Amino acid sequence: MQTMYGALRDAGFEAVNVDYPSRERPIEELAPIAVGAGLEGCRAVDNIDRIHFVTHSLGGILLRQYLAKNEIPDLGRVVMLGPPNQGSIAVDKLLDVPGFDWVNGPAGRQLGKGEASVPLALGSADFELGIIAGDRTIDPVTSAVLENPDDGRVSVEDTKLDGMDDFVVVRHSHAFMMRMQRPIELTIHFLRSGRFATTGELCCPIKPFASPAVHETAPSDTDP
């Protein structure tokens, strides 16, 4: 998320880029660690009225898990990139493949569609939410078990969430979408306006906007 972090700062946002031990703990333990660190970092900045969140993959589920147990009075807008909001069938299909737990950790086992699915146990969005899904894959093995189109980790359809305010599909893969220009521009536009821009609107230079802070939940290179 370093590229996204830099672009947000260049656009005039105060930003905090948070890392977390995604391979070491289940979602219930990761959520307060990751979201709590982001809130602490943003609230350390003077004159911040609202805190936006920009998440990638598992990060979106951590935010949903946190909000299921806690209120964030100063919550602003949320952009999720490639979130497995409806779980990912790839987890269920590949769970018993040797090395799955080493690569994904206990949180990875909770991102499927079965009884252990955390995303499916969480509610709809009651906050301003924009979702960016990818439809290009660089992982033919995982994509073979996913509903098309997909980003190599989650199908486009399974990124959606009831209550979302806007939704857009980009021609990028799961692992790289947060580094690409169009998803970054779409993210900034949503944080400013509450909706994603059209292609024509994105032709204009992005002007600085200095009011809200943005908490970034950094992606793990092991997020399913």
# chains A, B, ... in the order shown; residues from 1 in each chain; ligands from 1

$ select_by_dssp --residues "stretch 30-125 of chain A" --states "helix (DSSP H, G or I)" --output "ChimeraX atom specification"
/A:30-43,58-69,89-94,100-108,119-121

$ atom_distance --atom1 "atom CA of A:Arg77" --atom2 "atom CA of A:Ser193"
9.3 Å

$ closest_residue --among "A:Gly123, A:Gly108, A:Pro183, A:Gly114" --to "A:Leu63" --atoms "only C-alpha atoms"
A:Gly123

$ atom_distance --atom1 "atom CA of A:Gln181" --atom2 "atom CA of A:Ala7"
9.3 Å

$ residues_around --residues "A:His174" --least-positions-apart "3" --cutoff "8 Å" --atoms "only C-alpha atoms" --output "tab-separated table (two decimals) with N, CA and C atoms, in the first residue's frame"
chain	number	residue	atom	x	y	z
A	57	SER	N	-8.01	-6.22	0.40
A	57	SER	CA	-8.20	-7.63	0.68
A	57	SER	C	-8.68	-7.87	2.12
A	82	GLY	N	-10.55	-5.11	-3.59
A	82	GLY	CA	-10.47	-6.57	-3.61
A	82	GLY	C	-10.87	-7.26	-2.33
A	134	GLY	N	-11.23	-6.21	-9.00
A	134	GLY	CA	-10.40	-6.44	-10.17
A	134	GLY	C	-10.91	-7.62	-10.97
A	136	ARG	N	-8.76	-9.03	-13.55
A	136	ARG	CA	-7.60	-9.60	-14.25
A	136	ARG	C	-6.83	-10.46	-13.28
A	137	THR	N	-6.32	-11.60	-13.73
A	137	THR	CA	-5.61	-12.50	-12.84
A	137	THR	C	-4.23	-12.82	-13.36
A	151	ASP	N	-10.08	-11.74	-9.73
A	151	ASP	CA	-8.79	-11.05	-9.70
A	151	ASP	C	-7.64	-11.96	-9.31
A	152	GLY	N	-7.92	-13.27	-9.26
A	152	GLY	CA	-6.89	-14.24	-8.87
A	152	GLY	C	-6.98	-14.65	-7.43
A	153	ARG	N	-7.83	-13.98	-6.65
A	153	ARG	CA	-8.04	-14.34	-5.24
A	153	ARG	C	-9.52	-14.37	-4.87
A	154	VAL	N	-10.30	-13.49	-5.48
A	154	VAL	CA	-11.72	-13.40	-5.17
A	154	VAL	C	-12.48	-13.02	-6.44
A	177	MET	N	-3.55	-4.14	-7.75
A	177	MET	CA	-4.51	-3.07	-8.01
A	177	MET	C	-4.26	-1.82	-7.18

$ closest_residue --among "A:Leu120, A:Ala197, A:Ala15, A:Val45" --to "A:Val168" --atoms "only C-alpha atoms"
A:Ala197
